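Just below is one structure, and these are the notes that go with it.
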Amino acid sequence: MIQIGNFFFKYRNFLFIILYLLLFIPSPPLFGETRFGPGHYWIAIISGLSITVLGQLIRGGTIGLAYIVRGGKDKKVYADGLVTEGIFDHVRNPLYVGNILMLLGVGILANSLWYTVIVMPVFLFIYQCIVLAEENFLRNKFGESFNEYTRKVHRWIPKVSGLGKTFGSMEFKWKRWLIKEYNTQFVWLCGIVLILLFKYPQLTNGDDSFRNILATLFVLLFAGYYFGIRYMKKSGRWVA
């Protein structure tokens, strides 16, 4: 699994986009009208949005408090240091946990049975392999310090207790969150809006013209956000 993880680590930045595109594969509904009634789509919308937003908030909290420099080097696992503060004091892989929740949430939002029961387990397997590869590197580099950290902090399940203290004891760098996340946020937000508008005609009373106008306006709004953050980053006005 470590070898599989090292392979997928090279392409991990493309996983989110590829898996996002799989949302649009036709699938039986996760929540159907026959079983859940005429308001079945609200189950998908409310639960899906709640889960995917939670995922982005976890990523935001992680990046804003103590961002980990583990971006790889020469397409291989690499780390400058062992980061154990911030959200990393509550779960060892908070960024990956955030990714999983973001994709699971949009899968539920899209009301896709295949995505939820087939794509997500494959995604979880790939992430497990990547994490094992990273842990193998960290254990070899940091030795007992990393082993001690793994004994205190779970790999996947966050420890909720003490979160308030964590946020209260550290400065939250919201600009760093936006600078690091604006690419992901743009794709994520556009996907959410397109799913809502094109998957659920009930939200626009079946008015295709109104739906198309809303879709265009939201995409333009998100594009403005994207290029605004990009400008602040490239101009040096905001520094991560």
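In the structure tokens, chains take letters A, B, ... by order of appearance, with residues numbered from 1 within each chain and ligands from 1 in the order shown.
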Taking 5 positions as the minimum chain separation for residues in the same chain, which residues sit within 12 Å of A:Val77 when counting only C-alpha atoms? Answer as a PyMOL selection string. chain A and resi 2-3+5-12+69-72+130-138+140-141
Residues just named, written with N, CA and C atoms as an mmCIF file, in the first residue's frame:
data_model
loop_
_atom_site.group_PDB
_atom_site.id
_atom_site.type_symbol
_atom_site.label_atom_id
_atom_site.label_comp_id
_atom_site.auth_asym_id
_atom_site.auth_seq_id
_atom_site.Cartn_x
_atom_site.Cartn_y
_atom_site.Cartn_z
ATOM 1 N N ILE A 2 2.047 1.161 0.611
ATOM 2 C CA ILE A 2 2.949 2.320 0.609
ATOM 3 C C ILE A 2 3.393 2.649 -0.815
ATOM 4 N N GLN A 3 3.692 1.609 -1.616
ATOM 5 C CA GLN A 3 4.086 1.832 -3.011
ATOM 6 C C GLN A 3 2.940 2.439 -3.814
ATOM 7 N N GLY A 5 0.612 4.277 -2.525
ATOM 8 C CA GLY A 5 0.513 5.648 -2.031
ATOM 9 C C GLY A 5 1.537 6.569 -2.658
ATOM 10 N N ASN A 6 2.776 6.099 -2.798
ATOM 11 C CA ASN A 6 3.815 6.909 -3.437
ATOM 12 C C ASN A 6 3.460 7.222 -4.887
ATOM 13 N N PHE A 7 2.817 6.255 -5.562
ATOM 14 C CA PHE A 7 2.398 6.484 -6.952
ATOM 15 C C PHE A 7 1.326 7.570 -7.020
ATOM 16 N N PHE A 8 0.283 7.430 -6.218
ATOM 17 C CA PHE A 8 -0.819 8.388 -6.277
ATOM 18 C C PHE A 8 -0.441 9.747 -5.693
ATOM 19 N N PHE A 9 0.589 9.776 -4.831
ATOM 20 C CA PHE A 9 1.031 11.046 -4.259
ATOM 21 C C PHE A 9 1.448 12.022 -5.356
ATOM 22 N N LYS A 10 2.035 11.476 -6.420
ATOM 23 C CA LYS A 10 2.491 12.313 -7.529
ATOM 24 C C LYS A 10 1.325 13.062 -8.181
ATOM 25 N N TYR A 11 0.143 12.442 -8.156
ATOM 26 C CA TYR A 11 -0.996 12.992 -8.893
ATOM 27 C C TYR A 11 -2.137 13.415 -7.968
ATOM 28 N N ARG A 12 -1.832 13.570 -6.680
ATOM 29 C CA ARG A 12 -2.891 13.831 -5.706
ATOM 30 C C ARG A 12 -3.614 15.150 -5.959
ATOM 31 N N VAL A 69 3.770 22.198 5.682
ATOM 32 C CA VAL A 69 4.515 22.209 4.432
ATOM 33 C C VAL A 69 4.847 20.768 4.081
ATOM 34 N N ARG A 70 3.922 20.121 3.376
ATOM 35 C CA ARG A 70 4.128 18.735 2.977
ATOM 36 C C ARG A 70 3.707 18.603 1.511
ATOM 37 N N GLY A 71 4.181 19.538 0.711
ATOM 38 C CA GLY A 71 3.744 19.571 -0.667
ATOM 39 C C GLY A 71 4.497 18.643 -1.582
ATOM 40 N N GLY A 72 5.469 17.937 -1.046
ATOM 41 C CA GLY A 72 6.236 17.034 -1.880
ATOM 42 C C GLY A 72 7.448 17.724 -2.473
ATOM 43 N N ILE A 130 -1.959 6.900 0.316
ATOM 44 C CA ILE A 130 -1.125 8.106 0.340
ATOM 45 C C ILE A 130 -0.685 8.414 1.767
ATOM 46 N N VAL A 131 -1.609 8.302 2.712
ATOM 47 C CA VAL A 131 -1.290 8.581 4.110
ATOM 48 C C VAL A 131 -0.254 7.591 4.645
ATOM 49 N N LEU A 132 -0.391 6.329 4.296
ATOM 50 C CA LEU A 132 0.594 5.336 4.743
ATOM 51 C C LEU A 132 1.980 5.642 4.178
ATOM 52 N N ALA A 133 2.022 6.117 2.928
ATOM 53 C CA ALA A 133 3.307 6.502 2.324
ATOM 54 C C ALA A 133 3.900 7.707 3.051
ATOM 55 N N GLU A 134 3.065 8.676 3.377
ATOM 56 C CA GLU A 134 3.532 9.860 4.103
ATOM 57 C C GLU A 134 4.022 9.480 5.502
ATOM 58 N N GLU A 135 3.262 8.622 6.161
ATOM 59 C CA GLU A 135 3.648 8.216 7.514
ATOM 60 C C GLU A 135 4.952 7.427 7.505
ATOM 61 N N ASN A 136 5.154 6.639 6.480
ATOM 62 C CA ASN A 136 6.414 5.902 6.364
ATOM 63 C C ASN A 136 7.589 6.871 6.257
ATOM 64 N N PHE A 137 7.406 7.935 5.466
ATOM 65 C CA PHE A 137 8.458 8.951 5.340
ATOM 66 C C PHE A 137 8.684 9.670 6.676
ATOM 67 N N LEU A 138 7.594 10.093 7.313
ATOM 68 C CA LEU A 138 7.693 10.848 8.562
ATOM 69 C C LEU A 138 8.315 10.005 9.675
ATOM 70 N N ASN A 140 10.428 7.540 9.290
ATOM 71 C CA ASN A 140 11.860 7.389 9.002
ATOM 72 C C ASN A 140 12.635 8.668 9.287
ATOM 73 N N LYS A 141 11.980 9.809 9.100
ATOM 74 C CA LYS A 141 12.680 11.092 9.282
ATOM 75 C C LYS A 141 12.672 11.564 10.729
#
Apply DSSP to the backbone of this structure and, from stretch 5-238 of chain A, keep only the residues in helix (DSSP H, G or I); write these as JSON, numbers by chain. {"A": [5, 6, 7, 8, 9, 12, 13, 14, 15, 16, 17, 18, 19, 20, 21, 22, 23, 24, 33, 34, 35, 36, 40, 41, 42, 43, 44, 45, 46, 47, 48, 49, 50, 51, 52, 53, 54, 55, 56, 57, 58, 59, 60, 61, 62, 63, 64, 65, 66, 86, 87, 88, 89, 94, 95, 96, 97, 98, 99, 100, 101, 102, 103, 104, 105, 106, 107, 108, 109, 113, 114, 115, 116, 117, 118, 119, 120, 121, 122, 123, 124, 125, 126, 127, 128, 129, 130, 131, 132, 133, 134, 135, 136, 137, 138, 139, 140, 141, 142, 144, 145, 146, 147, 148, 149, 150, 151, 152, 163, 164, 165, 166, 167, 168, 169, 174, 175, 176, 177, 178, 179, 180, 181, 182, 183, 184, 185, 186, 187, 188, 189, 190, 191, 192, 193, 194, 195, 196, 197, 198, 199, 201, 202, 203, 204, 208, 209, 210, 211, 212, 213, 214, 215, 216, 217, 218, 219, 220, 221, 222, 223, 224, 225, 226, 227, 228, 229, 230, 231, 232, 233, 234]}
Can you list every residue of stretch 150-226 of chain A that has an atom at most 12 Å from stretch 31-48 of chain A, with its nearest atom pair and the distance in Å to one decimal, using only C-alpha atoms, ordered by chain then number, as a tab-separated table?
residue	atom	partner	partner_atom	distance
A:Ile192	CA	A:Gly48	CA	9.7
A:Val193	CA	A:Ile45	CA	11.2
A:Ile195	CA	A:Ile45	CA	9.7
A:Leu196	CA	A:Ile45	CA	7.8
A:Leu197	CA	A:Ile45	CA	11.3
A:Lys199	CA	A:Tyr41	CA	9.4
A:Tyr200	CA	A:Tyr41	CA	7.6
A:Pro201	CA	A:Tyr41	CA	10.5
A:Gln202	CA	A:Tyr41	CA	9.0
A:Leu203	CA	A:Tyr41	CA	10.1
So that I have them on file, write out the residues from the current selection with C-alpha atoms, as a CSV table (one decimal), in the first residue's frame.
chain,number,residue,atom,x,y,z
A,192,ILE,CA,-22.3,23.2,-5.9
A,193,VAL,CA,-24.3,25.8,-7.8
A,195,ILE,CA,-25.7,20.8,-9.1
A,196,LEU,CA,-28.3,22.7,-7.3
A,197,LEU,CA,-29.7,24.5,-10.3
A,199,LYS,CA,-30.2,18.7,-10.7
A,200,TYR,CA,-33.1,20.3,-8.9
A,201,PRO,CA,-35.5,22.2,-11.2
A,202,GLN,CA,-37.8,22.5,-8.2
A,203,LEU,CA,-35.6,25.3,-6.9
Selection near stretch 150-160 of chain A, 8 Å with only C-alpha atoms, sequence-local residues under 2 positions removed, as a list in words: Asp89, His90, Val91, Arg92, Asn93, Pro94, Val97, Phe146, Asn147, Glu148, Gly162 and Leu163 of chain A
Could you pull the residues within 10 Å of A:Leu23, counting only C-alpha atoms, minus those fewer than 5 positions along the same chain, as a ChimeraX atom specification? /A:18,103,106-112,114-116,119,191,195
Identify, on the basis of only C-alpha atoms, every residue whose closest approach to stretch 225-234 of chain A does not exceed 10 Å; exclude the query and any residue fewer than 3 positions from it along the same chain; express the result as a ChimeraX atom specification. /A:175-176,178-187,219-222,237-240
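Atom pair atom CA of A:Pro121 / atom CA of A:Ile4 has a distance of 15.6 Å (rounded to one decimal).
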Shell around A:Trp177 at 10 Å using only C-alpha atoms, local window under 6 positions removed, as a PDB file with all heavy atoms, in the first residue's frame:
ATOM      1  N   LEU A  57     -14.599  23.965   5.955  1.00  0.00           N
ATOM      2  CA  LEU A  57     -14.266  24.640   7.214  1.00  0.00           C
ATOM      3  C   LEU A  57     -13.099  23.951   7.914  1.00  0.00           C
ATOM      4  O   LEU A  57     -12.246  24.625   8.511  1.00  0.00           O
ATOM      5  CB  LEU A  57     -15.492  24.673   8.129  1.00  0.00           C
ATOM      6  CG  LEU A  57     -16.640  25.585   7.689  1.00  0.00           C
ATOM      7  CD1 LEU A  57     -17.815  25.457   8.644  1.00  0.00           C
ATOM      8  CD2 LEU A  57     -16.177  27.038   7.594  1.00  0.00           C
ATOM      9  N   ARG A  59     -10.678  22.313   6.383  1.00  0.00           N
ATOM     10  CA  ARG A  59      -9.496  22.714   5.624  1.00  0.00           C
ATOM     11  C   ARG A  59      -9.112  24.153   5.965  1.00  0.00           C
ATOM     12  O   ARG A  59      -7.938  24.468   6.140  1.00  0.00           O
ATOM     13  CB  ARG A  59      -9.757  22.574   4.121  1.00  0.00           C
ATOM     14  CG  ARG A  59      -9.730  21.145   3.617  1.00  0.00           C
ATOM     15  CD  ARG A  59      -9.821  21.108   2.083  1.00  0.00           C
ATOM     16  NE  ARG A  59      -8.735  21.837   1.453  1.00  0.00           N
ATOM     17  CZ  ARG A  59      -7.535  21.332   1.194  1.00  0.00           C
ATOM     18  NH1 ARG A  59      -7.273  20.073   1.502  1.00  0.00           N
ATOM     19  NH2 ARG A  59      -6.606  22.064   0.621  1.00  0.00           N
ATOM     20  N   GLY A  60     -10.103  25.021   6.061  1.00  0.00           N
ATOM     21  CA  GLY A  60      -9.824  26.412   6.385  1.00  0.00           C
ATOM     22  C   GLY A  60      -9.202  26.574   7.758  1.00  0.00           C
ATOM     23  O   GLY A  60      -8.236  27.324   7.934  1.00  0.00           O
ATOM     24  N   GLY A  61      -9.760  25.856   8.744  1.00  0.00           N
ATOM     25  CA  GLY A  61      -9.195  25.930  10.084  1.00  0.00           C
ATOM     26  C   GLY A  61      -7.782  25.401  10.138  1.00  0.00           C
ATOM     27  O   GLY A  61      -6.920  25.942  10.842  1.00  0.00           O
ATOM     28  N   THR A  62      -7.511  24.369   9.379  1.00  0.00           N
ATOM     29  CA  THR A  62      -6.164  23.785   9.342  1.00  0.00           C
ATOM     30  C   THR A  62      -5.163  24.760   8.744  1.00  0.00           C
ATOM     31  O   THR A  62      -4.104  25.032   9.324  1.00  0.00           O
ATOM     32  CB  THR A  62      -6.168  22.489   8.509  1.00  0.00           C
ATOM     33  OG1 THR A  62      -7.120  21.577   9.061  1.00  0.00           O
ATOM     34  CG2 THR A  62      -4.794  21.848   8.504  1.00  0.00           C
ATOM     35  N   ILE A  63      -5.500  25.295   7.582  1.00  0.00           N
ATOM     36  CA  ILE A  63      -4.596  26.202   6.880  1.00  0.00           C
ATOM     37  C   ILE A  63      -4.415  27.508   7.637  1.00  0.00           C
ATOM     38  O   ILE A  63      -3.312  28.058   7.718  1.00  0.00           O
ATOM     39  CB  ILE A  63      -5.114  26.475   5.452  1.00  0.00           C
ATOM     40  CG1 ILE A  63      -5.105  25.177   4.640  1.00  0.00           C
ATOM     41  CG2 ILE A  63      -4.281  27.555   4.753  1.00  0.00           C
ATOM     42  CD1 ILE A  63      -5.842  25.273   3.319  1.00  0.00           C
ATOM     43  N   GLY A  64      -5.490  28.012   8.221  1.00  0.00           N
ATOM     44  CA  GLY A  64      -5.435  29.300   8.908  1.00  0.00           C
ATOM     45  C   GLY A  64      -4.665  29.272  10.210  1.00  0.00           C
ATOM     46  O   GLY A  64      -4.129  30.293  10.638  1.00  0.00           O
ATOM     47  N   LEU A  65      -4.575  28.103  10.850  1.00  0.00           N
ATOM     48  CA  LEU A  65      -3.898  28.030  12.139  1.00  0.00           C
ATOM     49  C   LEU A  65      -2.443  27.590  12.015  1.00  0.00           C
ATOM     50  O   LEU A  65      -1.541  28.268  12.477  1.00  0.00           O
ATOM     51  CB  LEU A  65      -4.644  27.064  13.071  1.00  0.00           C
ATOM     52  CG  LEU A  65      -6.003  27.542  13.587  1.00  0.00           C
ATOM     53  CD1 LEU A  65      -6.616  26.491  14.500  1.00  0.00           C
ATOM     54  CD2 LEU A  65      -5.878  28.870  14.324  1.00  0.00           C
ATOM     55  N   TYR A  67      -0.430  25.801   8.992  1.00  0.00           N
ATOM     56  CA  TYR A  67      -0.362  25.123   7.696  1.00  0.00           C
ATOM     57  C   TYR A  67       0.875  24.236   7.628  1.00  0.00           C
ATOM     58  O   TYR A  67       1.968  24.637   8.010  1.00  0.00           O
ATOM     59  CB  TYR A  67      -0.331  26.153   6.569  1.00  0.00           C
ATOM     60  CG  TYR A  67      -0.403  25.532   5.196  1.00  0.00           C
ATOM     61  CD1 TYR A  67      -1.510  24.800   4.807  1.00  0.00           C
ATOM     62  CD2 TYR A  67       0.641  25.684   4.293  1.00  0.00           C
ATOM     63  CE1 TYR A  67      -1.588  24.224   3.553  1.00  0.00           C
ATOM     64  CE2 TYR A  67       0.578  25.126   3.033  1.00  0.00           C
ATOM     65  CZ  TYR A  67      -0.544  24.401   2.667  1.00  0.00           C
ATOM     66  OH  TYR A  67      -0.607  23.839   1.426  1.00  0.00           O
ATOM     67  N   ALA A 240       0.915  34.750   2.093  1.00  0.00           N
ATOM     68  CA  ALA A 240       0.501  33.579   2.870  1.00  0.00           C
ATOM     69  C   ALA A 240       1.375  33.404   4.099  1.00  0.00           C
ATOM     70  O   ALA A 240       0.934  32.933   5.120  1.00  0.00           O
ATOM     71  CB  ALA A 240       0.543  32.326   2.004  1.00  0.00           C
TER      72      ALA A 240
END
For atom CA of A:Thr52 and atom CA of A:Leu104, determine how far apart the two atoms are, in Å to one decimal place.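 Answer for the atom CA of A:Thr52 to atom CA of A:Leu104 separation: 6.8 Å.
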Which residue of A:Thr216, A:Asn99, A:Asn13, A:Gln128 approaches A:Met1 most closely, using only C-alpha atoms: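 Going through A:Thr216, A:Asn99, A:Asn13, A:Gln128 one by one, the smallest distance to A:Met1 is for A:Gln128.
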Which residue of A:Ser169, A:Gln56, A:Ser209, A:Thr84 approaches A:Gly98 most closely, using only C-alpha atoms: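 Result for the nearest residue to A:Gly98: A:Gln56.
Considering only C-alpha atoms, the residue among A:Gly86, A:Ala223, A:Pro26, A:Ala215 positioned nearest to A:Gly168 is A:Gly86.
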Counting only C-alpha atoms, which of A:Gly224, A:Thr166, A:Leu194, A:Phe172 gets nearest to A:Asn212?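 Residue with the minimum atom-to-atom distance to A:Asn212: A:Leu194.
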Can you tell me how far atom CA of A:Ile118 sits from atom CA of A:Leu189, in Å to one decimal?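 Pair atom CA of A:Ile118 / atom CA of A:Leu189 returns 23.3 Å.
Of the listed residues A:Ser27, A:Thr204, A:Tyr20, A:Ser235, the one whose atoms come nearest to A:Met102 is A:Tyr20, with distances taken using only C-alpha atoms.
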